[in-house]
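Structure data (mmCIF, C-alpha atoms) from target33.cif:
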```cif
data_protein
loop_
_atom_site.label_atom_id
_atom_site.label_comp_id
_atom_site.auth_asym_id
_atom_site.auth_seq_id
_atom_site.Cartn_x
_atom_site.Cartn_y
_atom_site.Cartn_z
CA MET J 1 -137.94 58.63 -55.62
CA HIS J 2 -139.47 55.35 -54.39
CA PRO J 3 -137.61 52.16 -53.49
CA ALA J 4 -136.85 50.23 -56.71
CA PRO J 5 -139.55 47.52 -56.31
CA VAL J 6 -142.22 50.23 -55.88
CA ASP J 7 -141.01 52.04 -59.01
CA ARG J 8 -141.07 48.76 -60.92
CA LEU J 9 -144.65 48.06 -59.82
CA ILE J 10 -145.75 51.58 -60.82
CA ALA J 11 -144.07 51.10 -64.22
CA GLU J 12 -145.72 47.70 -64.80
CA LEU J 13 -149.18 48.94 -63.74
CA GLY J 14 -148.71 51.98 -66.00
CA LYS J 15 -148.42 49.66 -69.03
CA LEU J 16 -152.06 48.58 -68.60
CA PRO J 17 -154.52 50.32 -70.94
CA GLY J 18 -156.14 53.44 -69.48
CA ILE J 19 -153.84 53.44 -66.42
CA GLY J 20 -151.78 56.64 -66.33
CA ARG J 21 -148.86 57.32 -64.01
CA ARG J 22 -151.02 58.87 -61.27
CA THR J 23 -153.43 55.93 -61.25
CA ALA J 24 -150.54 53.44 -61.36
CA GLN J 25 -149.04 55.14 -58.29
CA ARG J 26 -152.38 55.06 -56.47
CA LEU J 27 -152.83 51.35 -57.27
CA ALA J 28 -149.25 50.56 -56.20
CA PHE J 29 -149.76 52.24 -52.82
CA HIS J 30 -153.03 50.40 -52.43
CA ILE J 31 -151.22 47.10 -53.04
CA LEU J 32 -148.52 48.13 -50.53
CA ARG J 33 -151.18 48.80 -47.91
CA SER J 34 -153.27 45.70 -48.62
CA SER J 35 -152.65 42.32 -46.99
CA ASP J 36 -150.03 39.94 -48.39
CA GLU J 37 -152.88 37.52 -49.04
CA ASP J 38 -154.80 39.96 -51.27
CA ALA J 39 -151.69 41.04 -53.17
CA PHE J 40 -150.52 37.47 -53.75
CA ALA J 41 -154.04 36.48 -54.88
CA LEU J 42 -153.83 39.15 -57.59
CA ALA J 43 -150.30 38.11 -58.63
CA THR J 44 -151.36 34.46 -58.76
CA ALA J 45 -154.50 35.27 -60.77
CA ILE J 46 -152.37 37.06 -63.37
CA ARG J 47 -149.93 34.11 -63.61
CA GLU J 48 -152.76 31.60 -63.79
CA VAL J 49 -154.62 33.14 -66.72
CA LYS J 50 -151.38 33.04 -68.69
CA GLU J 51 -150.50 29.51 -67.60
CA ARG J 52 -153.91 27.89 -67.76
CA ILE J 53 -155.91 29.71 -70.42
CA GLY J 54 -155.36 28.98 -74.09
CA LEU J 55 -157.55 28.99 -77.18
CA CYS J 56 -160.10 26.30 -78.04
CA GLU J 57 -158.80 24.07 -80.86
CA THR J 58 -162.19 24.21 -82.59
CA CYS J 59 -163.54 27.74 -82.18
CA PHE J 60 -160.56 29.74 -80.77
CA ASN J 61 -162.57 31.00 -77.82
CA LEU J 62 -160.77 31.09 -74.45
CA ALA J 63 -160.39 27.61 -73.04
CA GLU J 64 -158.91 25.80 -70.07
CA GLY J 65 -157.62 22.75 -71.89
CA PRO J 66 -157.97 21.88 -75.60
CA THR J 67 -161.72 22.56 -75.96
CA CYS J 68 -163.78 25.44 -74.61
CA ALA J 69 -166.83 25.05 -72.36
CA ILE J 70 -169.23 25.88 -75.21
CA CYS J 71 -167.78 23.44 -77.77
CA SER J 72 -167.75 20.76 -75.02
CA ASP J 73 -171.41 21.31 -74.14
CA PRO J 74 -173.52 18.51 -75.70
CA ARG J 75 -176.68 20.65 -75.43
CA ARG J 76 -175.37 23.24 -77.91
CA SER J 77 -176.57 23.01 -81.51
CA ARG J 78 -173.73 21.94 -83.83
CA GLU J 79 -175.56 23.25 -86.91
CA LEU J 80 -175.19 26.91 -86.08
CA ILE J 81 -171.96 28.91 -85.81
CA CYS J 82 -171.71 32.52 -84.69
CA VAL J 83 -168.61 34.31 -85.96
CA VAL J 84 -167.17 37.00 -83.67
CA GLU J 85 -164.01 39.07 -83.70
CA GLU J 86 -162.67 38.51 -80.18
CA PRO J 87 -163.22 36.10 -77.26
CA GLN J 88 -164.83 38.88 -75.20
CA ASP J 89 -167.55 39.22 -77.88
CA VAL J 90 -168.87 35.76 -76.91
CA ILE J 91 -169.94 37.00 -73.47
CA PRO J 92 -172.61 39.54 -74.48
CA ILE J 93 -174.13 37.06 -76.95
CA GLU J 94 -174.28 34.34 -74.29
CA ARG J 95 -175.83 36.83 -71.91
CA THR J 96 -178.83 37.36 -74.22
CA GLY J 97 -179.85 33.71 -73.70
CA GLU J 98 -181.04 33.76 -77.35
CA TYR J 99 -178.23 31.73 -78.87
CA ARG J 100 -177.68 27.99 -78.50
CA GLY J 101 -175.17 27.29 -81.27
CA LEU J 102 -171.36 27.28 -81.36
CA TYR J 103 -168.91 30.12 -82.02
CA HIS J 104 -165.95 30.90 -84.19
CA VAL J 105 -163.55 33.56 -82.92
CA LEU J 106 -161.64 35.25 -85.74
CA GLY J 107 -159.03 36.95 -83.57
CA GLY J 108 -159.72 40.43 -84.96
CA ALA J 109 -161.18 42.14 -88.02
CA LEU J 110 -159.81 42.88 -91.47
CA SER J 111 -157.95 46.17 -91.47
CA PRO J 112 -155.54 46.69 -94.37
CA ILE J 113 -154.40 49.98 -92.80
CA ASP J 114 -153.18 48.05 -89.73
CA GLY J 115 -151.78 45.26 -91.91
CA ILE J 116 -154.48 42.78 -90.86
CA ASP J 117 -155.24 40.56 -93.86
CA PRO J 118 -157.50 37.49 -94.13
CA ASP J 119 -154.46 35.30 -93.40
CA ASP J 120 -154.11 36.95 -89.99
CA LEU J 121 -157.63 35.92 -89.00
CA ARG J 122 -158.99 32.40 -88.53
CA ILE J 123 -161.05 32.51 -91.73
CA ASP J 124 -159.52 29.40 -93.35
CA GLU J 125 -160.35 27.50 -90.17
CA LEU J 126 -163.96 28.72 -90.43
CA VAL J 127 -164.18 27.62 -94.06
CA ARG J 128 -162.83 24.17 -93.07
CA ARG J 129 -165.44 23.89 -90.30
CA VAL J 130 -168.17 24.68 -92.84
CA GLU J 131 -166.70 22.23 -95.38
CA ALA J 132 -166.78 19.49 -92.74
CA GLY J 133 -170.52 19.48 -93.44
CA GLU J 134 -172.46 19.56 -90.17
CA ILE J 135 -173.07 23.33 -90.18
CA GLU J 136 -176.26 24.73 -91.64
CA GLU J 137 -176.06 28.40 -90.75
CA VAL J 138 -173.26 30.87 -90.06
CA VAL J 139 -174.32 34.02 -88.17
CA ILE J 140 -171.78 36.75 -88.80
CA ALA J 141 -171.53 38.82 -85.61
CA THR J 142 -168.48 40.96 -86.33
CA ASN J 143 -168.79 44.52 -84.97
CA PRO J 144 -170.96 46.95 -86.99
CA THR J 145 -167.87 49.06 -87.73
CA THR J 146 -165.94 49.60 -90.96
CA THR J 147 -163.49 46.80 -90.23
CA GLY J 148 -166.22 44.49 -88.89
CA GLU J 149 -168.38 45.05 -91.98
CA ALA J 150 -165.39 44.46 -94.28
CA THR J 151 -164.73 41.21 -92.44
CA ALA J 152 -168.40 40.18 -92.74
CA HIS J 153 -168.31 40.95 -96.46
CA HIS J 154 -165.12 38.92 -96.96
CA ILE J 155 -166.54 35.93 -95.06
CA GLY J 156 -169.73 36.25 -97.11
CA GLU J 157 -167.69 35.93 -100.31
CA ARG J 158 -165.81 32.90 -99.00
CA LEU J 159 -168.86 31.00 -97.77
CA ARG J 160 -171.47 32.00 -100.38
CA ASP J 161 -173.47 29.01 -101.68
CA ARG J 162 -171.93 26.66 -99.11
CA VAL J 163 -174.12 27.48 -96.12
CA THR J 164 -176.93 29.77 -95.00
CA LEU J 165 -175.26 33.06 -94.10
CA THR J 166 -176.85 35.61 -91.80
CA ARG J 167 -175.73 38.87 -90.23
CA LEU J 168 -176.89 40.39 -86.92
CA ALA J 169 -179.94 42.58 -87.56
CA SER J 170 -180.36 46.27 -86.99
CA GLY J 171 -180.71 47.32 -83.39
CA LEU J 172 -177.01 47.79 -82.94
CA PRO J 173 -176.09 51.44 -83.43
CA VAL J 174 -173.49 51.81 -86.18
CA GLY J 175 -170.11 52.63 -84.69
CA ALA J 176 -170.78 50.83 -81.40
CA ASP J 177 -169.09 47.59 -80.42
CA LEU J 178 -170.48 44.26 -79.24
CA GLU J 179 -168.64 44.16 -75.98
CA HIS J 180 -170.65 47.06 -74.58
CA ALA J 181 -174.06 46.38 -76.16
CA ASP J 182 -177.01 45.91 -73.82
CA GLU J 183 -178.72 42.50 -73.77
CA VAL J 184 -182.10 43.62 -75.14
CA THR J 185 -180.62 45.36 -78.17
CA LEU J 186 -178.31 42.48 -78.84
CA GLY J 187 -181.14 39.97 -78.38
CA ARG J 188 -183.24 41.87 -80.98
CA ALA J 189 -180.30 41.90 -83.33
CA LEU J 190 -179.96 38.14 -82.95
CA THR J 191 -183.62 37.25 -83.50
CA GLY J 192 -183.83 39.70 -86.44
CA ARG J 193 -180.70 38.43 -88.25
CA ARG J 194 -180.96 38.68 -92.06
CA SER J 195 -179.44 36.63 -94.87
CA VAL J 196 -176.37 38.22 -96.47
CA MET Y 1 -169.35 32.89 -68.25
CA HIS Y 2 -165.55 32.93 -68.59
CA PRO Y 3 -163.19 30.07 -67.74
CA ALA Y 4 -162.58 30.09 -63.96
CA PRO Y 5 -159.04 31.61 -64.04
CA VAL Y 6 -160.34 34.53 -66.12
CA ASP Y 7 -163.21 35.12 -63.68
CA ARG Y 8 -160.76 35.01 -60.78
CA LEU Y 9 -158.51 37.58 -62.44
CA ILE Y 10 -161.49 39.88 -63.14
CA ALA Y 11 -162.57 39.52 -59.48
CA GLU Y 12 -159.08 40.29 -58.14
CA LEU Y 13 -158.61 43.29 -60.45
CA GLY Y 14 -162.07 44.53 -59.44
CA LYS Y 15 -160.91 44.78 -55.81
CA LEU Y 16 -158.46 47.55 -56.74
CA PRO Y 17 -159.70 51.07 -55.93
CA GLY Y 18 -161.47 52.82 -58.79
CA ILE Y 19 -161.55 49.65 -60.93
CA GLY Y 20 -165.16 48.63 -61.67
CA ARG Y 21 -166.24 45.35 -63.22
CA ARG Y 22 -166.09 46.65 -66.80
CA THR Y 23 -162.59 48.02 -66.36
CA ALA Y 24 -161.47 44.84 -64.59
CA GLN Y 25 -162.75 42.82 -67.56
CA ARG Y 26 -160.97 45.09 -70.04
CA LEU Y 27 -157.72 44.79 -68.06
CA ALA Y 28 -158.08 41.00 -67.79
CA PHE Y 29 -158.51 40.64 -71.56
CA HIS Y 30 -155.54 42.93 -72.09
CA ILE Y 31 -153.44 40.66 -69.85
CA LEU Y 32 -154.74 37.60 -71.76
CA ARG Y 33 -153.65 39.17 -75.05
CA SER Y 34 -150.29 40.46 -73.81
CA SER Y 35 -147.09 38.41 -73.86
CA ASP Y 36 -146.32 35.95 -71.05
CA GLU Y 37 -143.25 38.09 -70.32
CA ASP Y 38 -145.28 41.27 -69.72
CA ALA Y 39 -147.91 39.50 -67.61
CA PHE Y 40 -145.31 37.70 -65.48
CA ALA Y 41 -143.39 40.98 -65.01
CA LEU Y 42 -146.54 42.52 -63.52
CA ALA Y 43 -147.22 39.48 -61.29
CA THR Y 44 -143.61 39.50 -60.10
CA ALA Y 45 -143.65 43.24 -59.42
CA ILE Y 46 -146.74 42.78 -57.21
CA ARG Y 47 -145.09 39.92 -55.27
CA GLU Y 48 -141.83 41.82 -54.90
CA VAL Y 49 -143.28 44.97 -53.35
CA LYS Y 50 -144.92 42.79 -50.71
CA GLU Y 51 -141.83 40.65 -50.15
CA ARG Y 52 -139.15 43.34 -50.27
CA ILE Y 53 -140.75 46.58 -49.09
CA GLY Y 54 -141.31 47.26 -45.41
CA LEU Y 55 -141.33 50.36 -43.24
CA CYS Y 56 -138.22 52.23 -42.11
CA GLU Y 57 -137.49 51.52 -38.42
CA THR Y 58 -136.82 55.20 -37.79
CA CYS Y 59 -139.34 57.20 -39.84
CA PHE Y 60 -141.84 54.55 -41.09
CA ASN Y 61 -141.39 55.62 -44.71
CA LEU Y 62 -141.24 52.79 -47.29
CA ALA Y 63 -137.90 50.99 -47.12
CA GLU Y 64 -136.06 48.12 -48.73
CA GLY Y 65 -134.33 46.81 -45.60
CA PRO Y 66 -134.44 48.26 -42.07
CA THR Y 67 -133.72 51.91 -42.95
CA CYS Y 68 -135.15 54.03 -45.78
CA ALA Y 69 -133.04 55.82 -48.39
CA ILE Y 70 -133.64 59.23 -46.79
CA CYS Y 71 -132.71 58.23 -43.22
CA SER Y 72 -129.60 56.47 -44.62
CA ASP Y 73 -128.48 59.55 -46.55
CA PRO Y 74 -125.60 61.27 -44.64
CA ARG Y 75 -126.26 64.55 -46.48
CA ARG Y 76 -129.73 64.98 -44.92
CA SER Y 77 -130.03 67.30 -41.92
CA ARG Y 78 -130.81 65.35 -38.76
CA GLU Y 79 -132.12 68.45 -36.95
CA LEU Y 80 -135.29 68.80 -39.00
CA ILE Y 81 -138.22 66.37 -39.16
CA CYS Y 82 -141.21 66.71 -41.48
CA VAL Y 83 -144.32 64.87 -40.23
CA VAL Y 84 -146.61 63.47 -42.94
CA GLU Y 85 -149.66 61.20 -42.91
CA GLU Y 86 -148.69 58.56 -45.48
CA PRO Y 87 -145.56 57.35 -47.31
CA GLN Y 88 -146.85 58.79 -50.59
CA ASP Y 89 -146.87 62.29 -49.03
CA VAL Y 90 -143.06 62.20 -48.91
CA ILE Y 91 -142.83 62.25 -52.73
CA PRO Y 92 -144.36 65.71 -53.43
CA ILE Y 93 -142.25 67.27 -50.67
CA GLU Y 94 -139.07 65.69 -52.06
CA ARG Y 95 -140.04 66.89 -55.52
CA THR Y 96 -139.97 70.53 -54.40
CA GLY Y 97 -136.20 70.23 -53.81
CA GLU Y 98 -136.69 72.66 -50.88
CA TYR Y 99 -136.44 70.18 -48.02
CA ARG Y 100 -133.23 68.53 -46.79
CA GLY Y 101 -134.32 67.12 -43.42
CA LEU Y 102 -135.77 63.77 -42.38
CA TYR Y 103 -139.39 62.58 -42.24
CA HIS Y 104 -141.79 60.93 -39.84
CA VAL Y 105 -144.73 59.02 -41.39
CA LEU Y 106 -147.71 58.78 -39.04
CA GLY Y 107 -149.59 56.12 -40.96
CA GLY Y 108 -152.81 58.12 -41.20
CA ALA Y 109 -154.64 60.99 -39.50
CA LEU Y 110 -156.75 61.22 -36.36
CA SER Y 111 -160.37 60.43 -37.13
CA PRO Y 112 -162.51 59.43 -34.14
CA ILE Y 113 -165.43 58.72 -36.49
CA ASP Y 114 -163.34 56.01 -38.21
CA GLY Y 115 -161.96 54.82 -34.86
CA ILE Y 116 -158.46 56.20 -35.54
CA ASP Y 117 -157.05 57.39 -32.19
CA PRO Y 118 -153.55 58.71 -31.37
CA ASP Y 119 -152.52 55.14 -30.43
CA ASP Y 120 -153.19 54.02 -34.01
CA LEU Y 121 -150.69 56.55 -35.38
CA ARG Y 122 -146.92 56.67 -34.81
CA ILE Y 123 -147.12 59.69 -32.51
CA ASP Y 124 -145.37 58.09 -29.51
CA GLU Y 125 -142.51 57.20 -31.83
CA LEU Y 126 -142.32 60.84 -32.96
CA VAL Y 127 -142.23 62.06 -29.36
CA ARG Y 128 -139.41 59.59 -28.61
CA ARG Y 129 -137.43 60.83 -31.63
CA VAL Y 130 -137.79 64.41 -30.36
CA GLU Y 131 -136.87 63.38 -26.79
CA ALA Y 132 -133.67 61.77 -28.11
CA GLY Y 133 -132.46 65.36 -28.44
CA GLU Y 134 -130.91 65.93 -31.86
CA ILE Y 135 -134.02 67.46 -33.44
CA GLU Y 136 -134.48 71.24 -33.50
CA GLU Y 137 -137.58 71.70 -35.63
CA VAL Y 138 -140.64 69.61 -36.47
CA VAL Y 139 -142.54 70.71 -39.60
CA ILE Y 140 -146.11 69.37 -39.44
CA ALA Y 141 -147.16 68.56 -43.00
CA THR Y 142 -150.40 66.67 -42.41
CA ASN Y 143 -153.10 67.41 -45.01
CA PRO Y 144 -155.04 70.70 -44.67
CA THR Y 145 -158.24 68.72 -44.02
CA THR Y 146 -160.35 68.29 -40.88
CA THR Y 147 -158.53 65.10 -39.87
CA GLY Y 148 -155.13 66.46 -40.88
CA GLU Y 149 -155.69 69.66 -38.85
CA ALA Y 150 -156.86 67.64 -35.83
CA THR Y 151 -153.71 65.53 -36.08
CA ALA Y 152 -151.51 68.65 -36.35
CA HIS Y 153 -153.23 70.10 -33.30
CA HIS Y 154 -152.73 66.91 -31.27
CA ILE Y 155 -149.03 66.71 -32.19
CA GLY Y 156 -148.68 70.39 -31.30
CA GLU Y 157 -150.02 69.64 -27.79
CA ARG Y 158 -147.67 66.69 -27.36
CA LEU Y 159 -144.50 68.47 -28.50
CA ARG Y 160 -145.15 72.00 -27.20
CA ASP Y 161 -142.09 73.49 -25.41
CA ARG Y 162 -139.87 70.57 -26.44
CA VAL Y 163 -138.95 71.65 -29.99
CA THR Y 164 -139.64 74.37 -32.58
CA LEU Y 165 -142.95 73.44 -34.21
CA THR Y 166 -144.03 74.71 -37.63
CA ARG Y 167 -146.93 73.96 -39.99
CA LEU Y 168 -147.00 74.13 -43.81
CA ALA Y 169 -148.42 77.49 -44.92
CA SER Y 170 -152.02 77.51 -46.14
CA GLY Y 171 -152.99 79.95 -48.86
CA LEU Y 172 -153.66 80.40 -52.55
CA PRO Y 173 -152.07 77.77 -54.81
CA VAL Y 174 -149.54 79.30 -57.20
CA GLY Y 175 -151.30 79.97 -60.52
CA ALA Y 176 -154.77 80.12 -58.93
CA ASP Y 177 -156.93 83.23 -59.18
CA LEU Y 178 -158.77 85.08 -56.43
CA GLU Y 179 -162.10 84.91 -58.20
CA HIS Y 180 -162.29 81.13 -57.92
CA ALA Y 181 -160.64 80.68 -54.52
CA ASP Y 182 -162.82 79.18 -51.78
CA GLU Y 183 -163.49 81.34 -48.73
CA VAL Y 184 -161.61 79.16 -46.27
CA THR Y 185 -158.43 79.11 -48.36
CA LEU Y 186 -158.65 82.84 -49.01
CA GLY Y 187 -159.26 83.47 -45.30
CA ARG Y 188 -156.12 81.49 -44.48
CA ALA Y 189 -154.15 83.38 -47.13
CA LEU Y 190 -155.26 86.66 -45.51
CA THR Y 191 -154.48 85.72 -41.91
CA GLY Y 192 -151.16 84.23 -43.02
CA ARG Y 193 -150.15 87.29 -45.10
CA ARG Y 194 -146.46 88.10 -45.12
CA SER Y 195 -144.69 91.44 -45.51
CA VAL Y 196 -143.39 92.08 -49.01
#
```
Mind turning the file's structure into structure tokens?
Amino acid sequence: MHPAPVDRLIAELGKLPGIGRRTAQRLAFHILRSSDEDAFALATAIREVKERIGLCETCFNLAEGPTCAICSDPRRSRELICVVEEPQDVIPIERTGEYRGLYHVLGGALSPIDGIDPDDLRIDELVRRVEAGEIEEVVIATNPTTTGEATAHHIGERLRDRVTLTRLASGLPVGADLEHADEVTLGRALTGRRSV
Amino acid sequence: MHPAPVDRLIAELGKLPGIGRRTAQRLAFHILRSSDEDAFALATAIREVKERIGLCETCFNLAEGPTCAICSDPRRSRELICVVEEPQDVIPIERTGEYRGLYHVLGGALSPIDGIDPDDLRIDELVRRVEAGEIEEVVIATNPTTTGEATAHHIGERLRDRVTLTRLASGLPVGADLEHADEVTLGRALTGRRSV
């Protein structure tokens, strides 16, 4: 129905999460109408995140280069590690302004039903960071969901007696996820963290 | 908060219509997680529509090359022109399978409040196509909105006595019910009633 390049763009946009065919078509026609400059800026931004963004060698957060901005920051406490599921979970915690330690991004949560075992997450890497000796406390900030709690429990077993282990306090509604938590609630959860 | 290329991608995605900051962030993280192949396919598709798609020299529909697929099709009747506001309006008319003529895409609708005058639309080009002589009927298929009706009226004035002029019928959508029809639509359906 459309010229081939338009159909291809609609198909590619339609692969994005939450973008149905109608929305993909609307976005494609918007891109057709917009200036070359705007369209190329979007295309370049997509290429650049793939070409320039990798994972931090230490904490597996997003990084431009081998080490992320947080691990590179000399003002951050090296005695405290906050364990999260995904890179986007770092943002809401940073936004609270309550946390000055480092992170460890697991890359997901344990979910046997989806075939995600401890080996699929960066748990061994966390254990090695703790064994290296500098860390005094690990704050487990996996989501308060079934899979997040299972992951917290598993990490608790692995790190018991090696380090002070804490878990984000109540304040987060069960079933919610970190990415969409408001700062005040998340700040309370941080200050009220309890030992596991 | 994010590495600069991630922030740039979120900003560029957020410029798309109907994509707020939260959605832009979700899409950006999806692109970060997806394969290089998928992300580059999207970036390339965006570049290609801008590089390869222009407007048909005859009807101003989208075209790869100087003439669109419909104007190039020898099976289409050259005596009938359907006037629409935008390229995307061609699609639903084609989908009916009821129309075998050509098109003329105006590039918008008259809207003095937005500063869109007849000179901003491709109305002179339409008049020239009619003056060239081959055309017998012009079907005005601008939207049944204030601006679309004003545009239809203006074109009617310009082409009166030169060609047969028709307008898409207004009335009840198929499958609708009387009880929920708005007064204006129902009024149109009444004045436009046809003998059974």
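Note that the spacing between atom CA of Y:Gly65 and atom CA of J:Ala43 amounts to 22.4 Å.
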- Counting only C-alpha atoms, what is within 8 Å of stretch 109-117 of chain J, bar same-chain residues fewer than 5 positions away, as JSON, numbers by chain? {"J": [85, 142, 147, 148, 150, 151]}
- Expected answer as a ChimeraX atom specification: chain J residues within 6 Å of chain Y, only C-alpha atoms: /J:5-6,9,12,42-43,45,49
Box along x, y and z, 8 Å on every side, all listed atoms of stretch 172-182 of chain J inside: centre and edge lengths in Å to one decimal, as AutoDock Vina command-line options.
```
--center_x -172.8 --center_y 48.4 --center_z -80.0 --size_x 24.4 --size_y 24.5 --size_z 28.4
```
- One-decimal distance in Å that lies between atom CA of J:Thr146 and atom CA of J:Thr96: 24.4 Å
- For atom CA of J:Thr185 and atom CA of J:Leu168, quote the distance in Å rounded to one decimal. 10.7 Å
- Message: For a quick check: superposing chain J on chain Y using all C-alpha atoms in order, what RMSD comes out?
- Response: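 The superposed chains show a C-alpha RMSD of 5.6 Å.
Taken over the whole file, the PyMOL selection byres ((chain Y and resi 127) around 12) covers exactly Cys59, Ile81, Val83, His104, Leu106, Pro118, Leu121, Arg122, Ile123, Asp124, Glu125, Leu126, Arg128, Arg129, Val130, Glu131, Ala132, Gly133, Ile135, Val138, His154, Ile155, Gly156, Glu157, Arg158, Leu159, Arg160, Arg162 and Val163 of chain Y.
For the point (-134.7, 49.9, -39.4) in file coordinates, the residues within 8 Å, using only C-alpha atoms, are Leu55, Cys56, Glu57, Thr58, Gly65, Pro66, Thr67 and Cys68 of chain Y.
Near Y:Leu102, within 7 Å and counting only C-alpha atoms, sit Ile70, Cys71, Arg76, Ser77, Arg78, Leu80, Ile81 and Cys82 of chain Y, not including residues fewer than 4 positions from it in the same chain.
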- the PyMOL selection byres ((chain Y and resi 169) around 12) resolved against shown file, as a PyMOL selection string: chain Y and resi 139-144+166-168+170-173+185+188-194
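When all atoms listed in the file are used to measure the gap to J:Gly187, the shortest distance among J:Gly175, J:Pro74, J:Gly97, J:Gly14 belongs to J:Gly97.
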